[in-house]
Amino acid sequence: MPEPTDEAIRDLCRARTDAVDDLRRCRQRLKSFLLRHGYRYQGKANWSEPHMRYLRELVLPHPAMKAILEEYLQALMRPTSGSNALKLR
């Protein structure tokens with residue numbers, strides 16, 4: 001039977017893995033949404049600061065599409081902040 005400290009470290013590792021997986025899924029959903037509507041980032045690196053600026057400044061033809069983009073961007077920020085918090089511990 002593992003010690004409580006060992007089990008806590010394992011839980012922390014599992015939570016970190018979950019946060020990384022959530023971030024990957026959020027990125028995939030956002031990228032798929034944009035590709036479905038014909039938007040392709042022409043820059044060099046996806047998910048860099050210029051890419052994130054491109055996403056924030058993207059003008060979409062319909063308000064509902066803009067709302068969806070904003071929701072995806074907010075979801076993208078949640079896992080990032082959580083995984084950063086897990087790195088610090």
# chains A, B, ... in the order shown; residues from 1 in each chain; ligands from 1

$ residues_around --residues "stretch 56-69 of chain A" --least-positions-apart "5" --cutoff "12 Å" --atoms "only C-alpha atoms" --output "list in words"
Cys26, Arg27, Arg29, Leu30, Lys31, Ser32, Phe33, Leu34, Arg36, His37, Gly38, Tyr39, Arg40, Tyr41, Trp47, Glu49, Pro50, His51, Gln74, Ala75 and Leu76 of chain A

$ residues_around --residues "A:Arg78" --least-positions-apart "5" --cutoff "10 Å" --atoms "only C-alpha atoms" --output "list in words"
Ala19, Asp22, Leu23, Cys26, Leu73 and Ser83 of chain A

$ select_by_dssp --residues "chain A" --states "alpha helix (DSSP H)" --output "VMD selection string"
chain A and resid 4 to 36 49 to 57 63 to 88

$ atom_distance --atom1 "atom CA of A:Asp18" --atom2 "atom CA of A:Leu55"
24.6 Å
